Amino acid sequence: MNQSIRFDVMTIFPEMFDIIHAGGVVGRALEKQLFKLNTWNPRDYTTDNRKTVDDRAYGGGPGMVMMVEPLEKTLQAIKALQGNAGLVVLLSPQGKVFNQDLAQDLLSHEQITMICGRYEAVDQRFIDRNVDLEISLGDFVLSGGEIAAMAIIDTMARLIPGVLGDKDSALQDSFMEGLLDHPHYTRPENYENSFVPGVLLGGNHAIIEDWRREQSLLATQKSRPDLIEVARKKGLLSKKDELFLKSIGT
Ligand code: 9D3
């Protein structure tokens, strides 16, 4: 049995996580217990009749703040019932931006507790006392941390051995070379006079691989030139790659 990673997610919308079980490669991985997922609702750890988890901000301003106590009680429940909370991650616009490398790094943890914020913010004292790492999906505004948590769980689940078939794993390897993907084509060869590039029909695999590599470099240079620089720093670009990039004017 693989030491399967467990995600404990704190959220006032646990139903949102049902979708992870629903289907596809990650849903099946959950069924097979290749990883574990529990949700914990801070409302279950409130003491007032209204199950209050938020309150107005000291100092004023619009928007509510998630209170320390329900969050901390939920975390204590996780520690009590599961033994420990592992790495405690807050999904937050202030966090480190998530990417494939961070997903790979986080896989070294046996357990990750994810806290999904709602409202404008989480009381800073909860963060200072409990949070090991803050993660953001990027520079855009979501309504809460749930979708970010699901994106991270989905990404990490795909990296767990046995979750993807061999075919998919190979695909992933090529993406993890740090460049964008090349274009893909399937039948028919001629769709309303839009043709499949001839090189793909020739059956010369060396030539096809070269063409795909060039198309990857071209796509990356066009929409994500920053990734070319990252790939270069990681030593992922060959002499041939550099010559091609020079020929397209980099
Ligand atoms: C007015 C300042 N806003 C910060 C940009 C307030 C605010 C808006 C939305 C605070 C939190 C949220 C909810 N977002 C998340 O919890 C969140 C998030 C995001 O909004 N974008 C990218 N990644 C993430 S991870 C969690």
# chains A, B, ... in the order shown; residues from 1 in each chain; ligands from 1
$ residues_around --residues "Phe244 (chain A)" --least-positions-apart "4" --cutoff "8 Å" --atoms "only C-alpha atoms" --output "PyMOL selection string"
chain A and resi 214+240+248
$ closest_atom_pairs --of "region 140-186 of chain A" --to "region 85-100 of chain A" --cutoff "9 Å" --atoms "only C-alpha atoms" --output "CSV"
residue,atom,partner,partner_atom,distance
A:Phe140,CA,A:Pro93,CA,8.0
A:Val141,CA,A:Pro93,CA,7.5
A:Leu142,CA,A:Pro93,CA,8.6
A:Gly144,CA,A:Ser92,CA,8.2
A:Gly145,CA,A:Leu91,CA,5.2
A:Glu146,CA,A:Leu91,CA,8.1
A:Ala148,CA,A:Leu91,CA,6.7
A:Ala149,CA,A:Leu91,CA,6.8
A:Ile152,CA,A:Phe98,CA,7.9
A:Thr155,CA,A:Gln100,CA,7.6
A:Met156,CA,A:Gln100,CA,8.5
A:Met176,CA,A:Gln100,CA,7.7
$ write_last_selection --atoms "C-alpha atoms" --output "PDB file, in the first residue's frame"
ATOM      1  CA  PHE A 140      -7.467  37.346 -10.199  1.00  0.00           C
ATOM      2  CA  VAL A 141     -10.267  37.449  -7.639  1.00  0.00           C
ATOM      3  CA  LEU A 142     -12.198  34.323  -6.651  1.00  0.00           C
ATOM      4  CA  GLY A 144     -13.271  31.996  -1.821  1.00  0.00           C
ATOM      5  CA  GLY A 145     -10.542  29.408  -1.483  1.00  0.00           C
ATOM      6  CA  GLU A 146     -12.594  26.335  -2.449  1.00  0.00           C
ATOM      7  CA  ALA A 148      -8.307  27.026  -5.570  1.00  0.00           C
ATOM      8  CA  ALA A 149      -8.136  24.065  -3.160  1.00  0.00           C
ATOM      9  CA  ILE A 152      -4.491  22.091  -6.245  1.00  0.00           C
ATOM     10  CA  THR A 155      -3.134  18.822  -9.922  1.00  0.00           C
ATOM     11  CA  MET A 156      -1.467  16.898  -7.096  1.00  0.00           C
ATOM     12  CA  MET A 176       6.715  19.022 -17.426  1.00  0.00           C
TER      13      MET A 176
END
$ residues_around --residues "Thr47 (chain A)" --least-positions-apart "6" --cutoff "12 Å" --atoms "only C-alpha atoms" --output "PyMOL selection string"
chain A and resi 53+69-70+73
$ atom_distance --atom1 "atom 8 (C, counted along the ligand's line) of ligand 1" --atom2 "CA of Ser143 (chain A)"
6.3 Å
$ residues_around --residues "region 158-163 of chain A" --least-positions-apart "2" --cutoff "7 Å" --atoms "only C-alpha atoms" --output "ChimeraX atom specification"
/A:25-26,29,154-156,165
$ select_by_dssp --residues "region 38-128 of chain A" --states "helix (DSSP H, G or I)" --output "PyMOL selection string"
chain A and resi 42-45+68-82+100-106+124-128
$ select_by_dssp --residues "region 15-226 of chain A" --states "strand (DSSP E or B)" --output "PyMOL selection string"
chain A and resi 36-40+54-56+64-66+87-97+111-116+121-122+133-136+190-191+194-195
$ residues_around --residues "Val65 (chain A)" --least-positions-apart "4" --cutoff "9 Å" --atoms "only C-alpha atoms" --output "list in words"
Val53, Asp54, Asp55, Arg56, Ala57, Arg118, Tyr119, Glu120, Ala121, Val122 and Asp123 of chain A
$ write_last_selection --atoms "all heavy atoms" --output "compact mmCIF listing (two decimals), in the first residue's frame"
# COMPACT_ATOMS: atom_id res chain seq x y z
N VAL A 53 -19.40 32.43 11.90
CA VAL A 53 -17.97 32.21 11.61
C VAL A 53 -17.26 33.50 11.18
O VAL A 53 -16.06 33.50 10.97
CB VAL A 53 -17.77 31.14 10.51
CG1 VAL A 53 -18.26 29.77 10.98
CG2 VAL A 53 -18.47 31.54 9.22
N ASP A 54 -18.03 34.60 11.03
CA ASP A 54 -17.42 35.85 10.55
C ASP A 54 -17.92 37.03 11.37
O ASP A 54 -18.97 36.96 12.01
CB ASP A 54 -17.75 36.07 9.08
CG ASP A 54 -19.25 36.23 8.82
OD1 ASP A 54 -20.04 35.41 9.36
OD2 ASP A 54 -19.64 37.17 8.11
N ASP A 55 -17.16 38.12 11.32
CA ASP A 55 -17.54 39.32 12.06
C ASP A 55 -16.93 40.53 11.36
O ASP A 55 -16.09 40.37 10.46
CB ASP A 55 -17.06 39.20 13.51
CG ASP A 55 -17.90 40.05 14.47
OD1 ASP A 55 -18.60 40.99 14.00
OD2 ASP A 55 -17.85 39.76 15.68
N ARG A 56 -17.36 41.75 11.78
CA ARG A 56 -16.86 42.98 11.14
C ARG A 56 -15.39 43.22 11.48
O ARG A 56 -14.90 42.75 12.50
CB ARG A 56 -17.74 44.15 11.56
CG ARG A 56 -19.12 43.95 11.00
CD ARG A 56 -20.24 44.89 11.46
NE ARG A 56 -19.86 46.08 12.14
CZ ARG A 56 -20.35 46.44 13.35
NH1 ARG A 56 -21.18 45.62 14.00
NH2 ARG A 56 -20.01 47.58 13.88
N ALA A 57 -14.72 43.93 10.59
CA ALA A 57 -13.28 44.15 10.74
C ALA A 57 -13.00 45.26 11.75
O ALA A 57 -13.62 46.32 11.69
CB ALA A 57 -12.65 44.52 9.40
N ARG A 118 -13.41 32.55 3.13
CA ARG A 118 -14.58 33.18 2.50
C ARG A 118 -14.61 34.60 3.02
O ARG A 118 -13.79 34.98 3.86
CB ARG A 118 -15.87 32.44 2.85
CG ARG A 118 -16.08 31.20 2.01
CD ARG A 118 -16.77 31.55 0.68
NE ARG A 118 -16.40 30.60 -0.38
CZ ARG A 118 -16.95 30.61 -1.58
NH1 ARG A 118 -17.87 31.50 -1.92
NH2 ARG A 118 -16.55 29.75 -2.49
N TYR A 119 -15.52 35.41 2.57
CA TYR A 119 -15.60 36.81 2.98
C TYR A 119 -14.32 37.52 2.54
O TYR A 119 -13.60 37.05 1.67
CB TYR A 119 -15.87 36.96 4.48
CG TYR A 119 -16.97 36.03 4.94
CD1 TYR A 119 -16.70 34.90 5.70
CD2 TYR A 119 -18.29 36.25 4.54
CE1 TYR A 119 -17.70 34.03 6.09
CE2 TYR A 119 -19.31 35.38 4.92
CZ TYR A 119 -19.01 34.27 5.69
OH TYR A 119 -19.99 33.42 6.06
N GLU A 120 -14.01 38.67 3.16
CA GLU A 120 -12.87 39.46 2.69
C GLU A 120 -11.53 38.90 3.15
O GLU A 120 -10.52 39.06 2.47
CB GLU A 120 -13.00 40.91 3.17
CG GLU A 120 -13.95 41.75 2.35
CD GLU A 120 -13.60 41.79 0.86
OE1 GLU A 120 -12.58 42.40 0.52
OE2 GLU A 120 -14.34 41.18 0.06
N ALA A 121 -11.52 38.27 4.32
CA ALA A 121 -10.23 37.90 4.89
C ALA A 121 -10.37 36.92 6.04
O ALA A 121 -11.47 36.64 6.51
CB ALA A 121 -9.51 39.16 5.37
N VAL A 122 -9.22 36.41 6.50
CA VAL A 122 -9.13 35.56 7.68
C VAL A 122 -8.40 36.38 8.74
O VAL A 122 -7.41 37.05 8.43
CB VAL A 122 -8.35 34.27 7.35
CG1 VAL A 122 -8.04 33.47 8.60
CG2 VAL A 122 -9.11 33.43 6.32
N ASP A 123 -8.87 36.34 9.98
CA ASP A 123 -8.20 37.04 11.09
C ASP A 123 -6.71 36.67 11.09
O ASP A 123 -6.36 35.48 11.10
CB ASP A 123 -8.86 36.65 12.42
CG ASP A 123 -8.36 37.51 13.59
OD1 ASP A 123 -7.12 37.59 13.79
OD2 ASP A 123 -9.21 38.08 14.31
$ closest_residue --among "A:Ala151, A:Ile207, A:Leu201, A:Val196" --to "Ala103 (chain A)" --atoms "only C-alpha atoms"
A:Ala151
$ residues_around --residues "Ser216 (chain A)" --least-positions-apart "2" --cutoff "12 Å" --atoms "only C-alpha atoms" --output "ChimeraX atom specification"
/A:174-175,177-184,209-214,218-225,227-228,237,241,244-245
$ closest_residue --among "A:Ile20, A:Leu107, A:Ala206, A:Met114" --to "ligand 1" --atoms "only C-alpha atoms and all ligand atoms"
A:Met114
$ closest_residue --among "A:Lys36, A:His109, A:Arg129, A:Arg232" --to "Val9 (chain A)" --atoms "only C-alpha atoms"
A:Lys36
$ closest_residue --among "A:Leu133, A:Ile147, A:Leu34, A:Leu71" --to "ligand 1" --atoms "only C-alpha atoms and all ligand atoms"
A:Ile147
$ closest_residue --among "A:Val131, A:Leu137, A:Leu102, A:Tyr58" --to "ligand 1" --atoms "only C-alpha atoms and all ligand atoms"
A:Leu137
$ closest_residue --among "A:Asp48, A:Asp139, A:Asp168, A:Glu242" --to "ligand 1" --atoms "only C-alpha atoms and all ligand atoms"
A:Asp139
$ decode --residues "region 202-213 of chain A" --atoms "N, CA, C and O atoms" --output "CSV table (one decimal), in the first residue's frame"
chain,number,residue,atom,x,y,z
A,202,GLY,N,3.7,11.7,-42.7
A,202,GLY,CA,4.8,11.1,-43.4
A,202,GLY,C,5.3,9.9,-42.7
A,202,GLY,O,6.0,9.0,-43.3
A,203,GLY,N,5.1,9.7,-41.4
A,203,GLY,CA,5.5,8.5,-40.7
A,203,GLY,C,7.0,8.6,-40.3
A,203,GLY,O,7.5,7.6,-39.8
A,204,ASN,N,7.7,9.7,-40.5
A,204,ASN,CA,9.1,9.8,-40.1
A,204,ASN,C,9.1,10.4,-38.7
A,204,ASN,O,9.0,11.6,-38.5
A,205,HIS,N,9.3,9.5,-37.7
A,205,HIS,CA,9.2,9.9,-36.3
A,205,HIS,C,10.2,10.9,-35.8
A,205,HIS,O,9.8,11.8,-35.0
A,206,ALA,N,11.4,10.8,-36.3
A,206,ALA,CA,12.4,11.8,-35.9
A,206,ALA,C,12.0,13.2,-36.4
A,206,ALA,O,12.1,14.2,-35.7
A,207,ILE,N,11.5,13.2,-37.7
A,207,ILE,CA,11.1,14.5,-38.2
A,207,ILE,C,9.9,15.1,-37.5
A,207,ILE,O,9.8,16.3,-37.2
A,208,ILE,N,9.0,14.2,-37.1
A,208,ILE,CA,7.8,14.6,-36.4
A,208,ILE,C,8.1,15.1,-35.0
A,208,ILE,O,7.6,16.2,-34.6
A,209,GLU,N,9.1,14.4,-34.3
A,209,GLU,CA,9.5,14.9,-33.0
A,209,GLU,C,10.1,16.3,-33.1
A,209,GLU,O,9.9,17.2,-32.3
A,210,ASP,N,11.0,16.5,-34.1
A,210,ASP,CA,11.6,17.8,-34.3
A,210,ASP,C,10.5,18.9,-34.6
A,210,ASP,O,10.6,20.0,-34.0
A,211,TRP,N,9.6,18.6,-35.4
A,211,TRP,CA,8.5,19.5,-35.8
A,211,TRP,C,7.7,19.9,-34.5
A,211,TRP,O,7.4,21.0,-34.2
A,212,ARG,N,7.3,18.9,-33.7
A,212,ARG,CA,6.6,19.1,-32.5
A,212,ARG,C,7.4,20.0,-31.5
A,212,ARG,O,6.8,20.9,-30.9
A,213,ARG,N,8.6,19.7,-31.4
A,213,ARG,CA,9.5,20.5,-30.5
A,213,ARG,C,9.5,21.9,-30.9
A,213,ARG,O,9.3,22.9,-30.1
